[in-house]
$ cat coords_21.csv   # CSV, C-alpha atoms and all ligand atoms
chain,number,residue,atom,x,y,z
A,1,MET,CA,186.6,232.7,-21.7
A,2,LEU,CA,189.7,231.0,-23.0
A,3,ILE,CA,190.9,227.8,-21.3
A,4,LEU,CA,194.2,226.1,-21.7
A,5,ALA,CA,193.9,222.4,-20.5
A,6,ILE,CA,196.6,219.9,-19.8
A,7,GLU,CA,196.3,216.1,-19.4
A,8,SER,CA,199.2,213.8,-18.5
A,9,SER,CA,197.5,211.1,-16.3
A,10,CYS,CA,199.0,208.1,-18.1
A,11,ASP,CA,201.0,207.8,-21.4
A,12,ASP,CA,199.6,210.6,-23.5
A,13,THR,CA,200.8,214.2,-23.1
A,14,ALA,CA,197.9,216.4,-24.2
A,15,ALA,CA,197.0,220.1,-24.3
A,16,ALA,CA,194.0,221.9,-25.7
A,17,VAL,CA,192.7,225.4,-26.0
A,18,VAL,CA,189.0,225.7,-25.7
A,19,SER,CA,186.9,228.8,-25.7
A,20,GLY,CA,184.0,228.7,-23.2
A,21,PRO,CA,180.5,230.1,-23.9
A,22,ASP,CA,180.7,233.3,-22.0
A,23,LYS,CA,183.0,235.4,-24.1
A,24,GLU,CA,183.7,235.0,-27.8
A,25,THR,CA,187.4,235.4,-27.3
A,26,LEU,CA,190.3,235.7,-29.7
A,27,PRO,CA,191.1,239.2,-28.6
A,28,ASP,CA,192.3,241.5,-31.2
A,29,ARG,CA,196.0,240.9,-31.0
A,30,THR,CA,198.8,239.9,-33.2
A,31,GLY,CA,201.2,239.0,-30.5
A,32,PHE,CA,200.7,235.3,-30.9
A,33,SER,CA,203.6,235.2,-33.3
A,34,LYS,CA,205.6,235.2,-30.1
A,35,VAL,CA,204.6,231.6,-29.5
A,36,THR,CA,206.6,229.2,-31.5
A,37,ALA,CA,206.7,225.4,-31.0
A,38,THR,CA,210.0,224.6,-29.3
A,39,THR,CA,212.1,222.1,-31.2
A,40,MET,CA,213.5,220.6,-28.0
A,41,THR,CA,211.7,217.3,-28.7
A,42,PRO,CA,209.9,216.2,-31.8
A,43,LEU,CA,206.3,215.3,-30.9
A,44,ARG,CA,205.7,211.5,-31.0
A,45,CYS,CA,202.6,210.1,-32.7
A,46,TYR,CA,201.2,213.6,-33.0
A,47,LYS,CA,197.4,213.7,-33.2
A,48,ASN,CA,195.3,216.8,-33.5
A,49,SER,CA,191.7,217.8,-34.0
A,50,LEU,CA,191.2,221.5,-34.5
A,51,ASN,CA,188.5,224.1,-34.5
A,52,ARG,CA,185.7,221.8,-33.8
A,53,GLN,CA,182.4,223.2,-32.5
A,54,CYS,CA,181.3,221.3,-29.4
A,55,SER,CA,177.7,220.4,-29.1
A,56,VAL,CA,177.5,222.2,-25.8
A,57,ASP,CA,176.4,225.7,-26.6
A,58,GLY,CA,179.2,228.1,-27.4
A,59,PHE,CA,182.2,225.9,-26.7
A,60,ARG,CA,184.8,225.8,-29.4
A,61,ILE,CA,187.9,223.5,-29.5
A,62,LYS,CA,190.6,225.7,-30.9
A,63,SER,CA,193.3,223.1,-30.7
A,64,ASN,CA,193.6,219.6,-29.3
A,65,ILE,CA,197.1,218.2,-29.3
A,66,ILE,CA,198.0,214.6,-28.2
A,67,SER,CA,201.5,213.3,-28.1
A,68,SER,CA,201.5,209.5,-27.2
A,69,GLN,CA,204.3,207.4,-26.0
A,70,PHE,CA,203.5,204.1,-27.8
A,71,ASP,CA,207.1,203.8,-29.1
A,72,VAL,CA,208.5,204.2,-25.5
A,73,HIS,CA,206.4,201.4,-24.0
A,74,ALA,CA,205.8,199.1,-26.9
A,75,ARG,CA,208.8,196.8,-26.3
A,76,PHE,CA,207.7,196.3,-22.7
A,77,GLY,CA,204.1,195.3,-23.6
A,78,GLY,CA,202.7,197.8,-21.2
A,79,ILE,CA,203.4,201.2,-19.6
A,80,VAL,CA,206.6,201.6,-17.6
A,81,PRO,CA,205.7,204.4,-15.1
A,82,GLU,CA,209.1,205.9,-14.7
A,83,LEU,CA,209.6,206.1,-18.5
A,84,ALA,CA,206.2,207.6,-18.8
A,85,SER,CA,207.0,210.5,-16.4
A,86,ARG,CA,210.3,211.2,-18.2
A,87,ALA,CA,208.6,211.2,-21.6
A,88,HIS,CA,206.0,213.7,-20.2
A,89,ILE,CA,208.8,216.0,-19.1
A,90,GLU,CA,210.2,216.0,-22.6
A,91,ALA,CA,206.8,216.5,-24.3
A,92,ILE,CA,204.9,218.9,-22.0
A,93,ARG,CA,206.5,222.2,-23.2
A,94,PRO,CA,206.3,221.4,-27.0
A,95,VAL,CA,202.7,220.1,-26.6
A,96,VAL,CA,201.5,223.2,-24.8
A,97,ASP,CA,203.3,225.5,-27.2
A,98,GLN,CA,201.8,223.6,-30.1
A,99,ALA,CA,198.3,223.9,-28.6
A,100,LEU,CA,198.7,227.7,-28.2
A,101,LEU,CA,200.2,228.0,-31.7
A,102,GLU,CA,197.5,226.1,-33.5
A,103,ALA,CA,194.8,228.0,-31.6
A,104,GLY,CA,196.4,231.2,-32.7
A,105,VAL,CA,196.7,232.6,-29.2
A,106,SER,CA,199.4,233.4,-26.6
A,107,LEU,CA,199.5,232.8,-22.9
A,108,ASP,CA,198.4,236.4,-22.4
A,109,ASP,CA,195.0,235.4,-23.9
A,110,ILE,CA,194.4,232.5,-21.5
A,111,ASP,CA,191.9,233.2,-18.7
A,112,CYS,CA,192.1,229.9,-16.8
A,113,ILE,CA,194.2,226.8,-16.8
A,114,ALA,CA,192.7,223.3,-16.2
A,115,ALA,CA,194.8,220.3,-15.5
A,116,THR,CA,194.2,216.7,-14.7
A,117,ARG,CA,194.7,216.1,-11.0
A,118,GLY,CA,194.0,212.4,-10.8
A,119,PRO,CA,193.5,209.5,-11.0
A,120,GLY,CA,196.4,208.0,-12.9
A,121,LEU,CA,200.1,207.4,-12.5
A,122,VAL,CA,201.3,210.0,-9.9
A,123,GLY,CA,204.6,210.5,-11.6
A,124,SER,CA,202.9,211.2,-14.9
A,125,LEU,CA,200.2,213.4,-13.3
A,126,LEU,CA,202.7,215.5,-11.4
A,127,VAL,CA,204.4,216.6,-14.6
A,128,GLY,CA,201.3,218.2,-16.2
A,129,PHE,CA,199.7,219.2,-13.0
A,130,THR,CA,202.8,221.0,-11.6
A,131,PHE,CA,203.4,222.6,-15.0
A,132,ALA,CA,199.9,223.9,-15.0
A,133,LYS,CA,200.0,225.3,-11.5
A,134,ALA,CA,203.4,226.9,-12.1
A,135,LEU,CA,202.1,228.5,-15.3
A,136,ALA,CA,199.0,229.8,-13.6
A,137,LEU,CA,201.0,231.2,-10.7
A,138,VAL,CA,203.4,233.2,-12.9
A,139,ARG,CA,200.6,234.4,-15.2
A,140,ASN,CA,198.4,235.2,-12.1
A,141,ILE,CA,195.4,233.4,-13.5
A,142,PRO,CA,193.2,230.7,-11.8
A,143,CYS,CA,194.0,227.0,-12.1
A,144,VAL,CA,191.5,224.2,-11.8
A,145,GLY,CA,192.3,220.6,-10.9
A,146,VAL,CA,190.1,218.2,-12.9
A,147,ASP,CA,189.3,214.6,-12.2
A,148,HIS,CA,190.2,212.6,-15.3
A,149,MET,CA,187.0,210.6,-14.9
A,150,ALA,CA,184.9,213.8,-15.0
A,151,GLY,CA,186.6,214.6,-18.3
A,152,HIS,CA,185.6,211.2,-19.7
A,153,LEU,CA,182.1,211.4,-18.3
A,154,LEU,CA,181.5,214.7,-20.2
A,155,SER,CA,183.5,213.8,-23.3
A,156,THR,CA,180.3,213.0,-25.2
A,157,PHE,CA,179.6,216.8,-25.2
A,158,LEU,CA,182.6,217.3,-27.5
A,159,ASP,CA,180.6,215.7,-30.3
A,160,GLU,CA,177.2,216.3,-31.8
A,161,HIS,CA,174.0,215.0,-30.2
A,162,PRO,CA,174.9,214.8,-26.5
A,163,PRO,CA,172.5,213.1,-24.1
A,164,GLY,CA,170.1,214.9,-21.8
A,165,PHE,CA,170.7,214.7,-18.0
A,166,PRO,CA,170.7,212.4,-16.2
A,167,TYR,CA,172.3,209.6,-18.2
A,168,THR,CA,174.3,206.4,-17.6
A,169,ALA,CA,178.0,206.5,-18.5
A,170,LEU,CA,180.3,203.6,-19.1
A,171,ILE,CA,184.0,204.6,-18.8
A,172,VAL,CA,186.3,201.9,-20.1
A,173,SER,CA,190.0,202.5,-20.5
A,174,GLY,CA,193.4,201.0,-19.6
A,175,GLY,CA,192.9,201.9,-15.9
A,176,ASN,CA,189.1,202.0,-15.4
A,177,SER,CA,185.9,200.1,-16.1
A,178,SER,CA,183.2,201.9,-14.3
A,179,LEU,CA,179.5,202.9,-14.5
A,180,PHE,CA,178.2,206.2,-13.3
A,181,THR,CA,175.0,208.2,-13.2
A,182,VAL,CA,175.8,211.7,-14.6
A,183,GLU,CA,173.3,214.0,-12.9
A,184,ASP,CA,174.7,217.2,-14.4
A,185,GLN,CA,178.0,218.7,-15.5
A,186,THR,CA,179.6,218.4,-12.0
A,187,HIS,CA,177.6,215.7,-10.2
A,188,PHE,CA,178.4,212.0,-10.8
A,189,GLN,CA,177.2,209.0,-8.8
A,190,PRO,CA,179.2,205.7,-9.1
A,191,LEU,CA,177.1,202.6,-9.9
A,192,GLY,CA,179.8,199.9,-10.3
A,193,ARG,CA,183.4,199.3,-11.2
A,194,THR,CA,185.9,196.6,-11.9
A,195,ARG,CA,186.9,194.4,-9.0
A,196,ASP,CA,190.2,193.5,-10.7
A,197,ASP,CA,191.5,194.3,-14.2
A,198,ALA,CA,190.1,197.2,-16.3
A,199,ALA,CA,188.8,196.2,-19.7
A,200,GLY,CA,191.6,197.9,-21.6
A,201,GLU,CA,194.1,196.2,-19.3
A,202,ALA,CA,192.6,192.8,-20.2
A,203,PHE,CA,193.0,193.7,-24.0
A,204,ASP,CA,196.6,194.7,-23.4
A,205,LYS,CA,197.4,191.6,-21.4
A,206,VAL,CA,195.9,189.2,-23.9
A,207,ALA,CA,197.7,191.0,-26.7
A,208,LYS,CA,201.0,190.6,-24.8
A,209,LEU,CA,200.3,186.9,-24.3
A,210,LEU,CA,199.7,186.6,-28.1
A,211,LYS,CA,202.8,188.7,-28.8
A,212,LEU,CA,200.7,191.3,-30.7
A,213,GLY,CA,202.3,194.4,-29.3
A,214,TYR,CA,201.1,197.4,-27.3
A,215,PRO,CA,198.5,198.8,-27.0
A,216,GLY,CA,196.5,195.6,-27.4
A,217,GLY,CA,193.0,197.0,-28.0
A,218,PRO,CA,193.3,198.3,-31.6
A,219,VAL,CA,195.3,195.2,-32.8
A,220,ILE,CA,192.9,192.7,-31.1
A,221,SER,CA,189.8,194.5,-32.6
A,222,ASN,CA,191.4,194.4,-36.1
A,223,LEU,CA,192.2,190.7,-35.9
A,224,ALA,CA,188.8,190.0,-34.4
A,225,LEU,CA,187.2,191.1,-37.7
A,226,LYS,CA,188.7,187.9,-39.3
A,227,GLY,CA,187.7,185.5,-36.5
A,228,ALA,CA,184.5,184.0,-35.2
A,229,PRO,CA,183.1,185.5,-32.0
A,230,ASP,CA,181.6,182.2,-30.9
A,231,ALA,CA,184.6,180.0,-31.8
A,232,ILE,CA,185.8,179.7,-28.2
A,233,PRO,CA,183.3,179.8,-25.3
A,234,PHE,CA,185.3,182.1,-23.0
A,235,PRO,CA,183.5,182.9,-19.7
A,236,ARG,CA,181.4,186.0,-18.9
A,237,ALA,CA,181.8,187.3,-15.3
A,238,TRP,CA,178.3,188.4,-14.4
A,239,LEU,CA,179.1,188.3,-10.6
A,240,ASP,CA,176.1,188.5,-8.2
A,241,LYS,CA,172.6,188.9,-9.7
A,242,ASN,CA,172.1,192.5,-10.8
A,243,SER,CA,175.6,193.5,-9.9
A,244,LEU,CA,177.0,196.5,-11.8
A,245,ASP,CA,180.6,195.6,-11.0
A,246,PHE,CA,182.9,194.1,-13.5
A,247,SER,CA,185.7,191.4,-13.4
A,248,PHE,CA,188.0,190.6,-16.3
A,249,SER,CA,190.9,188.7,-14.6
A,250,GLY,CA,189.1,185.3,-14.9
A,251,LEU,CA,188.5,185.8,-18.6
A,252,LYS,CA,192.2,186.7,-19.0
A,253,THR,CA,193.2,183.6,-17.2
A,254,SER,CA,190.9,181.5,-19.4
A,255,VAL,CA,192.6,182.9,-22.5
A,256,VAL,CA,196.0,182.1,-21.0
A,257,ASN,CA,194.9,178.5,-20.2
A,258,TYR,CA,193.5,178.1,-23.7
A,259,VAL,CA,196.7,179.3,-25.4
A,260,ASN,CA,198.9,177.1,-23.1
A,261,ARG,CA,196.8,174.1,-24.0
A,262,CYS,CA,197.3,174.8,-27.7
A,263,ARG,CA,201.1,175.2,-27.2
A,264,GLN,CA,201.2,172.0,-25.2
A,265,LYS,CA,199.5,170.1,-28.0
A,266,GLY,CA,202.0,171.7,-30.4
A,267,THR,CA,199.2,173.4,-32.4
A,268,PRO,CA,199.5,177.2,-33.1
A,269,PRO,CA,196.8,179.1,-31.3
A,270,PRO,CA,194.0,180.3,-33.6
A,271,VAL,CA,194.8,184.0,-33.0
A,272,GLU,CA,191.9,185.5,-35.0
A,273,ASP,CA,189.3,183.3,-33.3
A,274,ILE,CA,190.9,184.0,-29.9
A,275,CYS,CA,190.7,187.7,-30.5
A,276,ALA,CA,187.1,187.6,-31.7
A,277,SER,CA,185.9,185.3,-28.9
A,278,PHE,CA,187.8,187.3,-26.2
A,279,GLN,CA,186.5,190.6,-27.5
A,280,GLU,CA,182.9,189.3,-27.6
A,281,ALA,CA,183.1,188.1,-24.0
A,282,VAL,CA,184.3,191.6,-22.8
A,283,VAL,CA,181.8,193.5,-25.0
A,284,GLU,CA,178.8,191.4,-24.0
A,285,VAL,CA,179.4,192.0,-20.3
A,286,LEU,CA,180.0,195.7,-20.8
A,287,VAL,CA,176.9,196.2,-22.9
A,288,GLU,CA,174.5,194.1,-20.7
A,289,LYS,CA,175.6,195.7,-17.4
A,290,THR,CA,175.4,199.2,-18.9
A,291,VAL,CA,171.8,198.6,-20.2
A,292,LEU,CA,170.9,197.1,-16.8
A,293,ALA,CA,172.3,200.2,-15.0
A,294,CYS,CA,170.4,202.5,-17.3
A,295,LYS,CA,167.1,200.7,-16.9
A,296,LYS,CA,167.5,200.3,-13.1
A,297,ASN,CA,168.0,204.1,-12.8
A,298,LYS,CA,165.3,204.9,-15.3
A,299,HIS,CA,167.6,206.8,-17.5
A,300,ASN,CA,166.9,207.3,-21.2
A,301,ALA,CA,170.4,207.6,-22.4
A,302,ILE,CA,173.8,205.9,-22.3
A,303,ALA,CA,177.2,207.6,-23.0
A,304,LEU,CA,180.5,205.9,-23.5
A,305,GLY,CA,184.0,207.2,-22.8
A,306,GLY,CA,187.6,206.0,-22.4
A,307,GLY,CA,190.0,204.3,-24.9
A,308,VAL,CA,188.1,201.0,-25.1
A,309,ALA,CA,185.0,203.0,-26.2
A,310,SER,CA,186.7,203.3,-29.6
A,311,ASN,CA,186.2,199.5,-30.0
A,312,SER,CA,183.9,199.1,-33.0
A,313,ARG,CA,182.2,196.0,-31.8
A,314,LEU,CA,181.4,197.6,-28.5
A,315,ARG,CA,180.0,200.7,-30.3
A,316,GLU,CA,177.9,198.5,-32.6
A,317,ARG,CA,176.5,196.2,-29.9
A,318,MET,CA,175.7,199.1,-27.6
A,319,ARG,CA,173.9,200.8,-30.4
A,320,ILE,CA,171.8,197.7,-31.2
A,321,ARG,CA,170.9,197.0,-27.6
A,322,GLY,CA,170.1,200.7,-27.0
A,323,GLU,CA,167.7,200.6,-30.0
A,324,GLN,CA,166.1,197.4,-28.7
A,325,GLU,CA,165.5,199.0,-25.3
A,326,GLY,CA,164.5,202.4,-26.5
A,327,LEU,CA,167.6,204.1,-25.1
A,328,SER,CA,169.7,206.6,-26.9
A,329,VAL,CA,173.4,205.8,-27.2
A,330,HIS,CA,176.1,208.5,-27.4
A,331,VAL,CA,179.6,207.6,-28.3
A,332,PRO,CA,182.3,210.3,-28.8
A,333,SER,CA,184.6,210.2,-31.9
A,334,PRO,CA,187.6,208.0,-31.2
A,335,ILE,CA,189.9,211.1,-30.7
A,336,TYR,CA,187.7,212.1,-27.7
A,337,CYS,CA,187.5,208.5,-26.3
A,338,THR,CA,191.2,208.3,-25.8
A,339,ASP,CA,192.9,210.6,-23.2
A,340,ASN,CA,192.7,214.2,-24.4
A,341,ALA,CA,192.8,217.7,-22.9
A,342,ALA,CA,189.7,219.0,-24.6
A,343,MET,CA,187.5,217.0,-22.2
A,344,ILE,CA,189.6,218.3,-19.3
A,345,ALA,CA,188.9,221.9,-20.5
A,346,LEU,CA,185.2,221.2,-20.6
A,347,ALA,CA,185.0,219.7,-17.1
A,348,GLY,CA,187.4,222.4,-15.8
A,349,TYR,CA,185.2,225.1,-17.2
A,350,TYR,CA,182.1,223.9,-15.2
A,351,GLN,CA,184.2,223.5,-12.1
A,352,PHE,CA,185.5,227.0,-12.5
A,353,GLN,CA,182.0,228.3,-12.9
A,354,GLN,CA,181.3,226.8,-9.4
A,355,GLY,CA,184.3,228.6,-8.0
A,356,VAL,CA,186.4,225.4,-7.5
A,357,VAL,CA,190.0,226.4,-8.1
A,358,LEU,CA,193.3,225.1,-6.9
A,359,ASN,CA,195.7,226.3,-4.2
A,360,PRO,CA,199.4,226.3,-5.2
A,361,ASP,CA,200.1,223.5,-2.7
A,362,ASP,CA,197.3,221.2,-3.8
A,363,ASP,CA,198.6,217.7,-4.7
A,364,ALA,CA,197.8,215.1,-7.4
A,365,TYR,CA,196.0,211.9,-6.5
A,366,SER,CA,196.2,208.3,-7.8
A,367,ARG,CA,192.7,207.2,-7.0
A,368,SER,CA,189.5,209.0,-8.0
A,369,PRO,CA,187.2,210.2,-5.2
A,370,LEU,CA,184.4,209.8,-7.8
A,371,ASN,CA,184.8,206.0,-8.1
B,1,LIG,O1,191.6,206.0,-22.2
B,1,LIG,P1,192.9,205.5,-22.8
B,1,LIG,O2,193.4,206.2,-24.0
B,1,LIG,O3,194.1,205.7,-21.8
B,1,LIG,C1,194.2,205.3,-20.4
B,1,LIG,O4,193.7,204.2,-20.1
B,1,LIG,O5,194.7,206.0,-19.7
B,1,LIG,O6,192.7,204.0,-23.0
B,1,LIG,C2,193.8,203.2,-23.4
B,1,LIG,C3,193.3,201.7,-23.4
B,1,LIG,C4,194.3,200.7,-23.7
B,1,LIG,O7,194.2,199.7,-22.8
B,1,LIG,C5,194.0,200.2,-25.1
B,1,LIG,O8,194.3,198.9,-25.4
B,1,LIG,C6,192.5,200.4,-25.1
B,1,LIG,O9,192.2,201.6,-24.4
B,1,LIG,N1,191.9,200.5,-26.5
B,1,LIG,C7,191.1,199.7,-27.0
B,1,LIG,C8,190.9,200.1,-28.4
B,1,LIG,N2,191.6,201.2,-28.6
B,1,LIG,C9,192.3,201.5,-27.4
B,1,LIG,N3,190.5,198.6,-26.5
B,1,LIG,C10,189.7,197.9,-27.3
B,1,LIG,N4,189.4,198.2,-28.6
B,1,LIG,C11,190.0,199.3,-29.2
B,1,LIG,N5,189.7,199.6,-30.5
$ encode --input "coords_21.csv" --output "structure tokens"
Amino acid sequence: MLILAIESSCDDTAAAVVSGPDKETLPDRTGFSKVTATTMTPLRCYKNSLNRQCSVDGFRIKSNIISSQFDVHARFGGIVPELASRAHIEAIRPVVDQALLEAGVSLDDIDCIAATRGPGLVGSLLVGFTFAKALALVRNIPCVGVDHMAGHLLSTFLDEHPPGFPYTALIVSGGNSSLFTVEDQTHFQPLGRTRDDAAGEAFDKVAKLLKLGYPGGPVISNLALKGAPDAIPFPRAWLDKNSLDFSFSGLKTSVVNYVNRCRQKGTPPPVEDICASFQEAVVEVLVEKTVLACKKNKHNAIALGGGVASNSRLRERMRIRGEQEGLSVHVPSPIYCTDNAAMIALAGYYQFQQGVVLNPDDDAYSRSPLN
């Protein structure tokens, strides 16, 4: 079965073509030359990973196209929702065309369309979700609405060595910081979540304060390599004993106060040490709460997902703690940590197998029912 998946929950327009295990597809046809990438809009920050064999038996990623909007939002230091929706409208058609083209298929070959239904920015979601429903309607094929979190929770299966069920998953991105039990491909139990800022949001806000640009995570983690993680004792929000919730707004305020004190004294803030110490405070809490969740639930494995999961310090510390505790740690390649449509195809496939498909009037949602 061949799935076309579309993701537009935030500031990445993404499309992927993935073949599912039940039919080794690529029908014998030459008609795909009909599909040409439209030249309406050049793709921004075009990323692709092609023809990758997923670790789940029989899945194959035939194309995985991501067009990001960094240049649209960079000067605002964060995402501007209306600009995001408009940029999705420009990108959706070329991105889908490119995904089909690189997969070497046409719409006639697609058996099912999967699209992110929520959570996210509703204006952004509606572009991809409505595009997917309309396409499915005119092609007379089923359409599946996928929860973005479900995609991240399964994204570890896009790489080699996935965990066995059940496992503990930490999803950390610009909009979420949550812990889940993943019971199987379609059943997820929430264990904890942020009470205020998401981890990625904290990275972005600290970067904005230090005038480092947007998105903040990659630049902070690079600068942190040159700083000392114990230079500034920023607070760790452990919350109540054994709590699996997170809180990052106090840490962010602490960085603001530290920088203001430097500026009042007329000394330049030690940016590299601030980045290293801030990152360490975020990473320590994420790692320790994830290990606690895993042990509490007697799981043997931890999986990471979301943009912040590409943070090298987080990946390193999680691996070390996992080894110490005898837990296996599974971290997707960075291209599958960030928002992508391949993970939506995977989650959509399993939903489709259970007969969960959309009606034409089904709506997008901003908050995940899973959380
Ligand atoms: O999952 P994602 O691509 O998109 C959404 O949140 O929708 O995550 C983006 C977030 C941004 O906040 C970005 O600053 C953060 O992930 N991020 C990182 C790193 N790379 C991206 N945070 C810390 N370290 C990184 N290396």
$ closest_atom_pairs --input "coords_21.csv" --of "chain A" --to "ligand LIG 1 (chain B)" --cutoff "6 Å" --atoms "all atoms listed in the file" --output "JSON lines"
{"residue": "A:Cys10", "atom": "CA", "partner": "B:LIG1", "partner_atom": "O5", "distance": 5.0}
{"residue": "A:Ser173", "atom": "CA", "partner": "B:LIG1", "partner_atom": "O6", "distance": 4.0}
{"residue": "A:Gly174", "atom": "CA", "partner": "B:LIG1", "partner_atom": "O4", "distance": 3.3}
{"residue": "A:Gly175", "atom": "CA", "partner": "B:LIG1", "partner_atom": "O4", "distance": 4.9}
{"residue": "A:Gly200", "atom": "CA", "partner": "B:LIG1", "partner_atom": "O7", "distance": 3.4}
{"residue": "A:Glu201", "atom": "CA", "partner": "B:LIG1", "partner_atom": "O7", "distance": 5.0}
{"residue": "A:Phe203", "atom": "CA", "partner": "B:LIG1", "partner_atom": "O8", "distance": 5.5}
{"residue": "A:Asp204", "atom": "CA", "partner": "B:LIG1", "partner_atom": "O8", "distance": 5.2}
{"residue": "A:Pro215", "atom": "CA", "partner": "B:LIG1", "partner_atom": "O8", "distance": 4.5}
{"residue": "A:Gly216", "atom": "CA", "partner": "B:LIG1", "partner_atom": "O8", "distance": 4.4}
{"residue": "A:Gly217", "atom": "CA", "partner": "B:LIG1", "partner_atom": "N3", "distance": 3.3}
{"residue": "A:Pro218", "atom": "CA", "partner": "B:LIG1", "partner_atom": "N5", "distance": 4.0}
{"residue": "A:Ser221", "atom": "CA", "partner": "B:LIG1", "partner_atom": "N4", "distance": 5.5}
{"residue": "A:Gly306", "atom": "CA", "partner": "B:LIG1", "partner_atom": "O1", "distance": 4.0}
{"residue": "A:Gly307", "atom": "CA", "partner": "B:LIG1", "partner_atom": "O6", "distance": 3.3}
{"residue": "A:Val308", "atom": "CA", "partner": "B:LIG1", "partner_atom": "N3", "distance": 3.7}
{"residue": "A:Ser310", "atom": "CA", "partner": "B:LIG1", "partner_atom": "N5", "distance": 4.8}
{"residue": "A:Asn311", "atom": "CA", "partner": "B:LIG1", "partner_atom": "N5", "distance": 3.5}
{"residue": "A:Thr338", "atom": "CA", "partner": "B:LIG1", "partner_atom": "O2", "distance": 3.5}
{"residue": "A:Asp339", "atom": "CA", "partner": "B:LIG1", "partner_atom": "O2", "distance": 4.5}
$ atom_distance --input "coords_21.csv" --atom1 "atom CA of A:Ala199" --atom2 "atom CA of A:Val282"
7.1 Å
$ residues_around --input "coords_21.csv" --residues "stretch 54-62 of chain A" --least-positions-apart "2" --cutoff "6 Å" --atoms "all atoms listed in the file" --output "ChimeraX atom specification"
/A:17-21,50-52,103,157-160
$ closest_residue --input "coords_21.csv" --among "A:His187, A:Arg263, A:Lys289, A:His152" --to "A:Leu210" --atoms "all atoms listed in the file"
A:Arg263
$ closest_residue --input "coords_21.csv" --among "A:Ser8, A:Ser366, A:Thr194, A:Thr130" --to "A:Ser249" --atoms "all atoms listed in the file"
A:Thr194
$ atom_distance --input "coords_21.csv" --atom1 "atom CA of A:Ala293" --atom2 "atom CA of A:Ser155"
19.5 Å
$ atom_distance --input "coords_21.csv" --atom1 "atom CA of A:Phe180" --atom2 "atom CA of A:Thr168"
5.8 Å
$ residues_around --input "coords_21.csv" --residues "A:Leu100" --least-positions-apart "6" --cutoff "8 Å" --atoms "all atoms listed in the file" --output "VMD selection string"
chain A and resid 16 to 17 35 63 106 to 107
$ residues_around --input "coords_21.csv" --residues "stretch 322-334 of chain A" --least-positions-apart "2" --cutoff "9 Å" --atoms "all atoms listed in the file" --output "number ranges by chain"
A: 155-163, 291, 294-295, 299-305, 307, 309-311, 315, 317-320, 336-338
$ write_last_selection --input "coords_21.csv" --atoms "C-alpha atoms" --output "mmCIF file, in the coordinates of the input"
data_model
loop_
_atom_site.group_PDB
_atom_site.id
_atom_site.type_symbol
_atom_site.label_atom_id
_atom_site.label_comp_id
_atom_site.auth_asym_id
_atom_site.auth_seq_id
_atom_site.Cartn_x
_atom_site.Cartn_y
_atom_site.Cartn_z
ATOM 1 C CA SER A 155 183.500 213.800 -23.300
ATOM 2 C CA THR A 156 180.300 213.000 -25.200
ATOM 3 C CA PHE A 157 179.600 216.800 -25.200
ATOM 4 C CA LEU A 158 182.600 217.300 -27.500
ATOM 5 C CA ASP A 159 180.600 215.700 -30.300
ATOM 6 C CA GLU A 160 177.200 216.300 -31.800
ATOM 7 C CA HIS A 161 174.000 215.000 -30.200
ATOM 8 C CA PRO A 162 174.900 214.800 -26.500
ATOM 9 C CA PRO A 163 172.500 213.100 -24.100
ATOM 10 C CA VAL A 291 171.800 198.600 -20.200
ATOM 11 C CA CYS A 294 170.400 202.500 -17.300
ATOM 12 C CA LYS A 295 167.100 200.700 -16.900
ATOM 13 C CA HIS A 299 167.600 206.800 -17.500
ATOM 14 C CA ASN A 300 166.900 207.300 -21.200
ATOM 15 C CA ALA A 301 170.400 207.600 -22.400
ATOM 16 C CA ILE A 302 173.800 205.900 -22.300
ATOM 17 C CA ALA A 303 177.200 207.600 -23.000
ATOM 18 C CA LEU A 304 180.500 205.900 -23.500
ATOM 19 C CA GLY A 305 184.000 207.200 -22.800
ATOM 20 C CA GLY A 307 190.000 204.300 -24.900
ATOM 21 C CA ALA A 309 185.000 203.000 -26.200
ATOM 22 C CA SER A 310 186.700 203.300 -29.600
ATOM 23 C CA ASN A 311 186.200 199.500 -30.000
ATOM 24 C CA ARG A 315 180.000 200.700 -30.300
ATOM 25 C CA ARG A 317 176.500 196.200 -29.900
ATOM 26 C CA MET A 318 175.700 199.100 -27.600
ATOM 27 C CA ARG A 319 173.900 200.800 -30.400
ATOM 28 C CA ILE A 320 171.800 197.700 -31.200
ATOM 29 C CA TYR A 336 187.700 212.100 -27.700
ATOM 30 C CA CYS A 337 187.500 208.500 -26.300
ATOM 31 C CA THR A 338 191.200 208.300 -25.800
#
$ residues_around --input "coords_21.csv" --residues "A:Ile141" --least-positions-apart "2" --cutoff "10 Å" --atoms "all atoms listed in the file" --output "PyMOL selection string"
chain A and resi 108+110-113+133+135-139+143
$ residues_around --input "coords_21.csv" --residues "stretch 271-277 of chain A" --least-positions-apart "5" --cutoff "6 Å" --atoms "only C-alpha atoms" --output "CSV table (one decimal) with C-alpha atoms, keeping the file's coordinate frame"
chain,number,residue,atom,x,y,z
A,220,ILE,CA,192.9,192.7,-31.1
A,223,LEU,CA,192.2,190.7,-35.9
A,224,ALA,CA,188.8,190.0,-34.4
A,226,LYS,CA,188.7,187.9,-39.3
A,227,GLY,CA,187.7,185.5,-36.5
A,228,ALA,CA,184.5,184.0,-35.2
A,229,PRO,CA,183.1,185.5,-32.0
A,230,ASP,CA,181.6,182.2,-30.9
A,231,ALA,CA,184.6,180.0,-31.8
A,232,ILE,CA,185.8,179.7,-28.2
$ residues_near_point --input "coords_21.csv" --point "(196.2, 216.8, -21.7)" --cutoff "10 Å" --atoms "only C-alpha atoms" --output "PyMOL selection string"
chain A and resi 4-10+12-16+64-67+92+95-96+114-116+125+128-129+148+339-345
